[in-house]
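A.B. asks: File follows, target-v5.cif with mmCIF, C-alpha atoms:
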data_upload
loop_
_atom_site.label_atom_id
_atom_site.label_comp_id
_atom_site.auth_asym_id
_atom_site.auth_seq_id
_atom_site.Cartn_x
_atom_site.Cartn_y
_atom_site.Cartn_z
CA MET A 1 84.50 72.69 54.53
CA PRO A 2 83.49 75.72 52.38
CA ALA A 3 84.69 79.16 53.42
CA VAL A 4 82.34 81.16 55.63
CA LYS A 5 80.94 84.25 53.93
CA TYR A 6 80.22 87.42 55.88
CA ALA A 7 77.65 90.15 55.25
CA LYS A 8 79.89 92.88 56.67
CA PRO A 9 83.56 91.83 56.48
CA PRO A 10 86.18 94.57 56.94
CA VAL A 11 87.69 93.79 53.51
CA VAL A 12 87.97 96.94 51.37
CA GLU A 13 90.19 95.64 48.56
CA ARG A 14 91.33 92.40 46.95
CA ALA A 15 94.15 92.16 44.42
CA ALA A 16 95.33 89.27 42.27
CA ALA A 17 98.73 89.54 40.61
CA VAL A 18 101.04 87.57 38.37
CA PHE A 19 104.72 88.39 37.97
CA VAL A 20 106.71 87.52 34.85
CA HIS A 21 109.94 88.03 32.94
CA MET A 22 109.39 90.52 30.11
CA ASP A 23 111.91 92.25 27.85
CA GLU A 24 111.78 96.04 28.09
CA ASP A 25 111.74 96.43 24.29
CA ILE A 26 108.63 94.26 23.95
CA TYR A 27 106.86 96.12 26.74
CA GLU A 28 107.64 99.57 25.35
CA SER A 29 106.71 98.67 21.77
CA LYS A 30 103.34 97.18 22.73
CA PHE A 31 102.23 99.43 25.58
CA GLN A 32 100.35 102.08 23.58
CA THR A 33 98.20 99.51 21.77
CA TRP A 34 97.64 97.80 25.14
CA ARG A 35 96.49 101.10 26.60
CA GLN A 36 93.98 101.54 23.76
CA LEU A 37 92.65 98.03 24.40
CA VAL A 38 92.31 98.50 28.16
CA GLU A 39 90.67 101.92 27.98
CA LYS A 40 87.68 100.43 26.17
CA ASP A 41 86.68 98.85 29.52
CA LEU A 42 88.64 100.94 32.02
CA PRO A 43 88.69 104.47 30.57
CA VAL A 44 90.45 106.32 33.39
CA TYR A 45 94.25 106.34 33.15
CA GLU A 46 95.96 107.57 36.34
CA PRO A 47 99.57 106.33 36.53
CA LEU A 48 101.21 105.99 39.93
CA ASN A 49 104.41 108.01 40.25
CA GLU A 50 107.01 106.94 42.80
CA TRP A 51 110.42 108.48 43.41
CA LEU A 52 113.11 105.96 44.31
CA ILE A 53 115.87 107.54 46.39
CA ASN A 54 119.33 106.04 46.72
CA ILE A 55 120.57 106.16 50.33
CA GLU A 56 124.25 105.59 51.12
CA GLN A 57 126.30 105.55 54.31
CA ARG A 58 129.08 108.13 54.30
CA GLU A 59 131.18 108.73 57.39
CA GLY A 60 128.52 107.10 59.53
CA LYS A 61 125.69 109.26 58.14
CA ALA A 62 122.90 108.41 55.74
CA THR A 63 123.10 110.57 52.61
CA THR A 64 121.16 110.69 49.34
CA ASP A 65 122.58 111.04 45.85
CA PRO A 66 120.26 113.21 43.69
CA LEU A 67 121.93 111.91 40.53
CA LYS A 68 120.74 108.38 41.36
CA THR A 69 117.11 109.36 42.03
CA GLU A 70 114.70 107.43 39.81
CA LEU A 71 111.07 108.08 38.88
CA ARG A 72 109.07 104.85 38.64
CA ILE A 73 105.76 105.12 36.75
CA THR A 74 103.20 102.32 37.17
CA PRO A 75 100.38 102.41 34.61
CA ARG A 76 96.99 102.23 36.35
CA PHE A 77 93.59 101.96 34.66
CA SER A 78 90.19 102.09 36.39
CA LYS A 79 86.49 102.62 35.80
CA LYS A 80 86.42 105.98 37.54
CA LYS A 81 88.87 108.42 39.07
CA MET A 82 90.38 107.49 42.42
CA ALA A 83 89.01 110.72 43.90
CA GLU A 84 85.50 109.49 43.08
CA GLY A 85 85.92 106.19 44.93
CA PHE A 86 87.62 102.93 43.99
CA GLU A 87 85.83 100.00 42.34
CA TRP A 88 87.86 98.13 39.71
CA GLY A 89 91.28 98.68 38.27
CA ILE A 90 94.37 97.08 36.82
CA ARG A 91 98.03 97.99 37.14
CA CYS A 92 100.55 96.83 34.60
CA PRO A 93 104.20 97.68 35.20
CA ARG A 94 106.62 95.92 32.87
CA GLU A 95 106.84 92.61 34.72
CA ALA A 96 103.44 92.29 36.40
CA LEU A 97 99.69 92.33 35.92
CA ILE A 98 97.71 93.35 39.02
CA VAL A 99 93.90 93.30 39.08
CA ASN A 100 92.36 95.29 41.95
CA MET A 101 88.77 95.03 43.18
CA GLY A 102 87.24 97.32 45.77
CA SER A 103 84.66 96.29 48.36
CA LYS A 104 82.54 97.93 51.05
CA PRO A 105 81.31 96.55 54.38
CA GLY A 106 77.59 95.93 54.02
CA SER A 107 77.79 95.47 50.23
CA PRO A 108 80.82 93.23 49.83
CA SER A 109 82.21 91.85 46.61
CA HIS A 110 83.58 88.32 46.58
CA TYR A 111 86.70 86.47 45.52
CA ILE A 112 84.89 84.78 42.62
CA ASP A 113 84.32 88.24 41.08
CA LEU A 114 88.04 89.02 41.26
CA ARG A 115 88.93 85.58 39.90
CA SER A 116 86.71 86.04 36.84
CA SER A 117 88.10 89.48 36.06
CA PHE A 118 91.68 88.29 36.57
CA ALA A 119 91.15 85.39 34.15
CA LEU A 120 89.86 87.79 31.48
CA TRP A 121 92.69 90.30 31.82
CA PHE A 122 95.37 87.63 32.19
CA SER A 123 94.36 86.10 28.86
CA ARG A 124 94.35 89.49 27.12
CA TRP A 125 97.62 90.58 28.69
CA THR A 126 99.62 87.41 28.01
CA SER A 127 98.38 87.34 24.42
CA HIS A 128 99.11 91.01 23.75
CA PHE A 129 102.61 91.04 25.25
CA GLU A 130 103.39 87.46 24.16
CA VAL A 131 104.19 86.50 27.77
CA GLN A 132 105.92 83.14 28.06
CA ARG A 133 107.98 83.26 31.25
CA LEU A 134 105.77 83.37 34.34
CA ARG A 135 107.33 83.63 37.82
CA ARG A 136 104.94 84.14 40.73
CA VAL A 137 101.28 84.53 41.71
CA ASN A 138 100.12 86.77 44.53
CA LEU A 139 96.76 87.31 46.28
CA HIS A 140 96.34 90.32 48.57
CA TYR A 141 93.43 91.15 50.92
CA VAL A 142 93.21 94.57 52.59
CA ASN A 143 91.10 94.89 55.75
CA VAL A 144 90.31 98.22 57.41
CA LEU A 145 89.57 98.48 61.12
CA ASN A 146 87.78 101.61 62.34
CA VAL A 147 84.45 102.73 63.77
CA GLN A 148 82.70 101.83 60.52
CA THR A 149 83.86 98.18 60.49
CA VAL A 150 84.46 97.30 64.16
CA SER A 151 82.23 99.78 66.00
CA ARG A 152 81.46 97.47 68.93
CA PHE A 153 85.19 97.24 69.71
CA MET A 154 85.82 100.98 70.05
CA ALA A 155 86.70 102.44 73.44
CA PRO A 156 86.15 106.10 74.38
CA GLY A 157 89.09 108.46 74.62
CA PRO A 158 90.19 110.19 77.85
CA GLN A 159 87.59 112.48 79.43
CA SER A 160 90.17 115.25 79.54
CA VAL A 161 90.15 115.36 75.72
CA PRO A 162 86.49 115.75 74.63
CA GLN A 163 87.28 115.62 70.91
CA HIS A 164 89.39 112.46 71.16
CA PRO A 165 88.15 109.88 68.56
CA GLY A 166 88.66 106.95 70.91
CA PHE A 167 90.70 103.76 70.68
CA ILE A 168 90.41 100.48 68.81
CA GLN A 169 90.44 97.54 71.23
CA LEU A 170 92.72 95.41 69.11
CA ASP A 171 93.04 92.55 71.60
CA ARG A 172 89.30 91.93 71.22
CA ILE A 173 89.52 91.89 67.39
CA ILE A 174 92.68 89.99 66.43
CA LYS A 175 94.88 87.28 67.95
CA VAL A 176 98.24 88.41 66.55
CA PHE A 177 100.62 91.17 67.67
CA VAL A 178 98.47 91.98 70.75
CA PRO A 179 98.45 92.27 73.65
CA LEU A 180 102.05 93.27 74.26
CA PRO A 181 103.69 91.84 77.42
CA ILE A 182 104.11 95.35 78.84
CA GLN A 183 100.83 96.75 77.54
CA LYS A 184 98.74 98.57 80.15
CA GLY A 185 96.66 100.77 77.85
CA ALA A 186 95.48 101.05 74.27
CA LEU A 187 97.99 100.88 71.42
CA ILE A 188 98.39 104.27 69.76
CA PRO A 189 99.98 105.47 66.49
CA PRO A 190 102.48 105.03 65.02
CA LEU A 191 101.84 101.30 64.74
CA SER A 192 103.55 98.85 62.40
CA CYS A 193 103.77 95.05 62.78
CA GLN A 194 104.63 92.37 60.24
CA ALA A 195 105.07 88.60 60.19
CA THR A 196 105.96 86.25 57.32
CA VAL A 197 105.14 82.55 57.48
CA MET A 198 106.53 79.87 55.16
CA LEU A 199 103.72 77.75 53.73
CA GLU A 200 103.78 74.02 53.09
CA GLY A 201 102.51 72.30 49.98
CA ARG A 202 104.13 74.48 47.33
CA GLU A 203 107.73 75.42 46.67
CA ASP A 204 108.78 78.97 47.60
CA SER A 205 105.47 80.02 49.17
CA ALA A 206 104.80 82.50 51.96
CA LEU A 207 102.01 84.26 53.84
CA GLN A 208 102.43 87.80 55.15
CA ILE A 209 100.35 89.50 57.85
CA ILE A 210 100.85 93.27 58.09
CA LEU A 211 99.21 95.61 60.62
CA ALA A 212 99.72 99.36 60.37
CA GLY A 213 98.01 102.65 61.11
CA ILE A 214 96.63 104.82 58.28
CA PRO A 215 96.97 108.40 59.58
CA ASN A 216 95.08 110.18 56.77
CA TYR A 217 92.23 107.71 56.28
CA PRO A 218 88.90 108.95 57.70
CA PRO A 219 87.49 108.30 60.19
CA GLN A 220 90.30 108.16 62.68
CA PRO A 221 91.64 106.04 64.23
CA THR A 222 91.97 103.57 61.33
CA LEU A 223 94.19 100.51 61.08
CA ARG A 224 94.99 98.43 58.00
CA LEU A 225 95.39 94.66 58.28
CA ASP A 226 96.76 92.97 55.15
CA PHE A 227 96.89 89.26 54.30
CA ILE A 228 99.17 88.38 51.37
CA THR A 229 99.86 84.94 49.93
CA GLU A 230 102.48 84.45 47.24
CA THR A 231 103.94 81.40 45.51
CA ALA A 232 106.17 80.49 42.59
CA VAL A 233 104.73 79.02 39.37
CA ALA A 234 106.21 77.19 36.41
CA GLU A 235 107.28 79.48 33.54
CA GLY A 236 104.87 77.92 31.04
CA SER A 237 101.81 77.61 33.29
CA SER A 238 98.43 77.68 31.53
CA LEU A 239 95.51 79.89 32.54
CA ASP A 240 93.87 76.93 34.31
CA GLU A 241 97.07 76.27 36.27
CA ILE A 242 97.36 79.93 37.23
CA LEU A 243 93.75 80.01 38.42
CA LYS A 244 94.26 76.85 40.46
CA THR A 245 97.29 78.52 42.04
CA LEU A 246 95.22 81.62 42.76
CA ASP A 247 92.60 79.40 44.42
CA TRP A 248 95.35 77.83 46.53
CA CYS A 249 96.42 81.32 47.62
CA HIS A 250 92.80 82.17 48.40
CA ASP A 251 92.41 79.09 50.61
CA HIS A 252 95.36 80.26 52.69
CA VAL A 253 94.13 83.86 52.90
CA ILE A 254 90.76 82.61 54.17
CA GLU A 255 92.47 80.27 56.62
CA CYS A 256 94.47 83.26 57.88
CA PHE A 257 91.32 85.42 58.16
CA GLU A 258 89.57 82.78 60.25
CA ALA A 259 92.61 82.23 62.47
CA VAL A 260 93.61 85.87 63.02
CA PHE A 261 90.24 87.44 63.84
CA THR A 262 88.64 86.58 67.18
CA ASP A 263 85.30 84.78 67.37
CA ALA A 264 83.70 87.96 68.66
CA ALA A 265 85.04 89.97 65.73
CA LYS A 266 83.87 87.39 63.19
CA GLU A 267 80.43 87.36 64.78
CA SER A 268 80.28 91.15 64.32
CA PHE A 269 81.00 90.65 60.60
CA GLU A 270 77.65 88.80 60.42
CA PRO A 271 78.40 85.32 59.07
CA MET A 272 75.90 84.13 56.47
CA HIS A 273 74.85 80.55 57.12
CA SER A 274 73.50 78.66 54.13
#
Show the structure stored in the file as structure tokens.

C.D. replies:
Amino acid sequence: MPAVKYAKPPVVERAAAVFVHMDEDIYESKFQTWRQLVEKDLPVYEPLNEWLINIEQREGKATTDPLKTELRITPRFSKKKMAEGFEWGIRCPREALIVNMGSKPGSPSHYIDLRSSFALWFSRWTSHFEVQRLRRVNLHYVNVLNVQTVSRFMAPGPQSVPQHPGFIQLDRIIKVFVPLPIQKGALIPPLSCQATVMLEGREDSALQIILAGIPNYPPQPTLRLDFITETAVAEGSSLDEILKTLDWCHDHVIECFEAVFTDAAKESFEPMHS
């Protein structure tokens, strides 16, 4: 049965990724010419900077060692600056290619668009860096739950707090993590839940479901619900084999979407019947 398409799904981003083994010398020697190639289509270069802090236990206390702090820079290219709104982008740390595609409820993009772009950039990337040792494929869907995407499932805040933004009635939207056995009221931040499921059919495959609050994402309250499928691939897999694996991941993400969201929530996303 073909996957149901929705006019207003809560999906705001899709990402397809492939992870590989790559020598640091090859990556460093070829990166600048890769950057010139990418910027012809994605002219905005905004690398992601992350500080990795080493935490050690000393005398029963967690301490950090400033000498072991590491700055990790992930090259990121996009069509326009992140501050102007996200559409398309790729990230290419040394051992991965990640293609990101934005989406908006009411004017959604589709998996086939991401698949086509991933195929293009995968071919360019593997050729440029002479990639030969593939490891894993990953497909990631990001859903956002707030008044803009699940308005009919919002509950008003307490009358004693006139400016309260209200609550998201999660038990009416999803079938996982809620309701809690001791729950008597709405769940409130901070909120973080995660489950990992082993998948059958492919070696070393898993599906992750992650639910968390996003405190600085307007409008509040906003929750993020991620579906991630990942599986191992043969080192010498062809483009066709990688795309078939990506399709396999997509089938499981869609299966998860249909299983996790309630019938009422899916009806609010406006299914499009052919």

A.B. asks: List, as a list in words, every residue that the PyMOL selection byres ((chain A and resi 156) around 12) selects in the file provided.

C.D. replies: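 Selection result, ordered by chain and number: Val147, Ser151, Arg152, Phe153, Met154, Ala155, Gly157, Pro158, Gln159, Ser160, Val161, Pro162, Gln163, His164, Pro165, Gly166, Phe167, Ile168, Gln169, Ala186 and Pro221 of chain A.
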
A.B. asks: The centre and edge lengths of an axis-aligned box containing all atoms of range 174-191 of chain A present in the file, extended by 3 Å on each side, are to be given in Å to one decimal, as AutoDock Vina command-line options.

C.D. replies:
--center_x 98.4 --center_y 96.4 --center_z 72.4 --size_x 17.4 --size_y 24.2 --size_z 21.4

A.B. asks: List the neighbours of range 248-265 of chain A out to 6 Å using only C-alpha atoms; skip same-chain residues closer than 6 positions along the sequence, and give me the result as a list in words.

C.D. replies: Ile173, Ile174, Lys175 and Thr229 of chain A

A.B. asks: What does the file look like for those residues with C-alpha atoms, as an mmCIF file, in the frame of the given file?

C.D. replies:
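This went into out.cif:
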data_model
loop_
_atom_site.group_PDB
_atom_site.id
_atom_site.type_symbol
_atom_site.label_atom_id
_atom_site.label_comp_id
_atom_site.auth_asym_id
_atom_site.auth_seq_id
_atom_site.Cartn_x
_atom_site.Cartn_y
_atom_site.Cartn_z
ATOM 1 C CA ILE A 173 89.520 91.890 67.390
ATOM 2 C CA ILE A 174 92.680 89.990 66.430
ATOM 3 C CA LYS A 175 94.880 87.280 67.950
ATOM 4 C CA THR A 229 99.860 84.940 49.930
#

A.B. asks: Find the residue from A:Glu39, A:Leu223, A:Arg14, A:Leu239 that sits nearest to Val144 in chain A; use all atoms listed in the file when measuring.

C.D. replies: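 Using all atoms listed in the file, the shortest distance to Val144 in chain A belongs to A:Leu223.
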
A.B. asks: Tell me, as a list in words, which residues lie within 12 Å of Pro189 in chain A, counting only C-alpha atoms; anything in the same chain fewer than 2 positions away does not count.

C.D. replies: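 That gives Phe167, Ile168, Ala186, Leu187, Leu191, Ser192, Cys193, Leu211, Ala212, Gly213, Ile214, Pro215, Asn216, Gln220, Pro221, Thr222 and Leu223 of chain A.
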
A.B. asks: Given the point (111.5, 93.1, 28.0) in the coordinates of this file, which residues lie within 12 Å, counting all atoms listed in the file, and how would they look as a count of residues only?

C.D. replies: 21

A.B. asks: Identify, on the basis of only C-alpha atoms, every residue whose closest approach to Glu230 in chain A does not exceed 12 Å; exclude the query and any residue fewer than 4 positions from it along the same chain; express the result as a VMD selection string.

C.D. replies: chain A and resid 15 to 19 135 to 141 196 to 199 202 to 209 245 to 253

A.B. asks: What gap, in Å, lies between CA of Leu225 in chain A and CA of Asn143 in chain A?

C.D. replies: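 One can read the CA of Leu225 in chain A to CA of Asn143 in chain A distance as 5.0 Å.
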
A.B. asks: Find the residues around range 42-47 of chain A up to 10 Å (all atoms listed in the file counted), leave out those fewer than 4 positions away in its own chain, and share them as a PyMOL selection string.

C.D. replies: chain A and resi 35-38+72-82+88-93

A.B. asks: Quick one: write out the picked residues with C-alpha atoms as an mmCIF file, keeping the file's coordinate frame?

C.D. replies:
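Result saved to selection_23.cif:
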data_model
loop_
_atom_site.group_PDB
_atom_site.id
_atom_site.type_symbol
_atom_site.label_atom_id
_atom_site.label_comp_id
_atom_site.auth_asym_id
_atom_site.auth_seq_id
_atom_site.Cartn_x
_atom_site.Cartn_y
_atom_site.Cartn_z
ATOM 1 C CA ARG A 35 96.490 101.100 26.600
ATOM 2 C CA GLN A 36 93.980 101.540 23.760
ATOM 3 C CA LEU A 37 92.650 98.030 24.400
ATOM 4 C CA VAL A 38 92.310 98.500 28.160
ATOM 5 C CA ARG A 72 109.070 104.850 38.640
ATOM 6 C CA ILE A 73 105.760 105.120 36.750
ATOM 7 C CA THR A 74 103.200 102.320 37.170
ATOM 8 C CA PRO A 75 100.380 102.410 34.610
ATOM 9 C CA ARG A 76 96.990 102.230 36.350
ATOM 10 C CA PHE A 77 93.590 101.960 34.660
ATOM 11 C CA SER A 78 90.190 102.090 36.390
ATOM 12 C CA LYS A 79 86.490 102.620 35.800
ATOM 13 C CA LYS A 80 86.420 105.980 37.540
ATOM 14 C CA LYS A 81 88.870 108.420 39.070
ATOM 15 C CA MET A 82 90.380 107.490 42.420
ATOM 16 C CA TRP A 88 87.860 98.130 39.710
ATOM 17 C CA GLY A 89 91.280 98.680 38.270
ATOM 18 C CA ILE A 90 94.370 97.080 36.820
ATOM 19 C CA ARG A 91 98.030 97.990 37.140
ATOM 20 C CA CYS A 92 100.550 96.830 34.600
ATOM 21 C CA PRO A 93 104.200 97.680 35.200
#

A.B. asks: Could you please determine the separation between CA of Glu13 in chain A and CA of Pro271 in chain A in Å, to one decimal place?

C.D. replies: 18.9 Å

A.B. asks: Report the distance between CA of Thr33 in chain A and CA of Ala234 in chain A in Å, rounded to one decimal place.

C.D. replies: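 Rounded to one decimal, the two atoms are 27.9 Å apart.
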
A.B. asks: Run the PyMOL selection byres ((chain A and resi 108-115) around 10) against the file shown and list the residues it catches, as a ChimeraX atom specification.

C.D. replies: /A:5-16,87-88,99-107,116-120,141,243,246-247,250

A.B. asks: Given all atoms listed in the file as the basis, pick out the residue of A:Ala3, A:Ile188, A:Leu145, A:Val150 nearest to Glu267 in chain A.

C.D. replies: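 For Glu267 in chain A, the nearest of the given residues is A:Val150.
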
A.B. asks: Taking into account only C-alpha atoms, which residue in the set A:Tyr217, A:His273, A:Gly185, A:Leu134 is nearest to Glu241 in chain A?

C.D. replies: A:Leu134

A.B. asks: Could you tell me which of A:Arg172, A:Ser237, A:Asp226, A:Pro181 comes closest to Ser268 in chain A if we count all atoms listed in the file?

C.D. replies: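 The answer is A:Arg172, which sits nearest to Ser268 in chain A.
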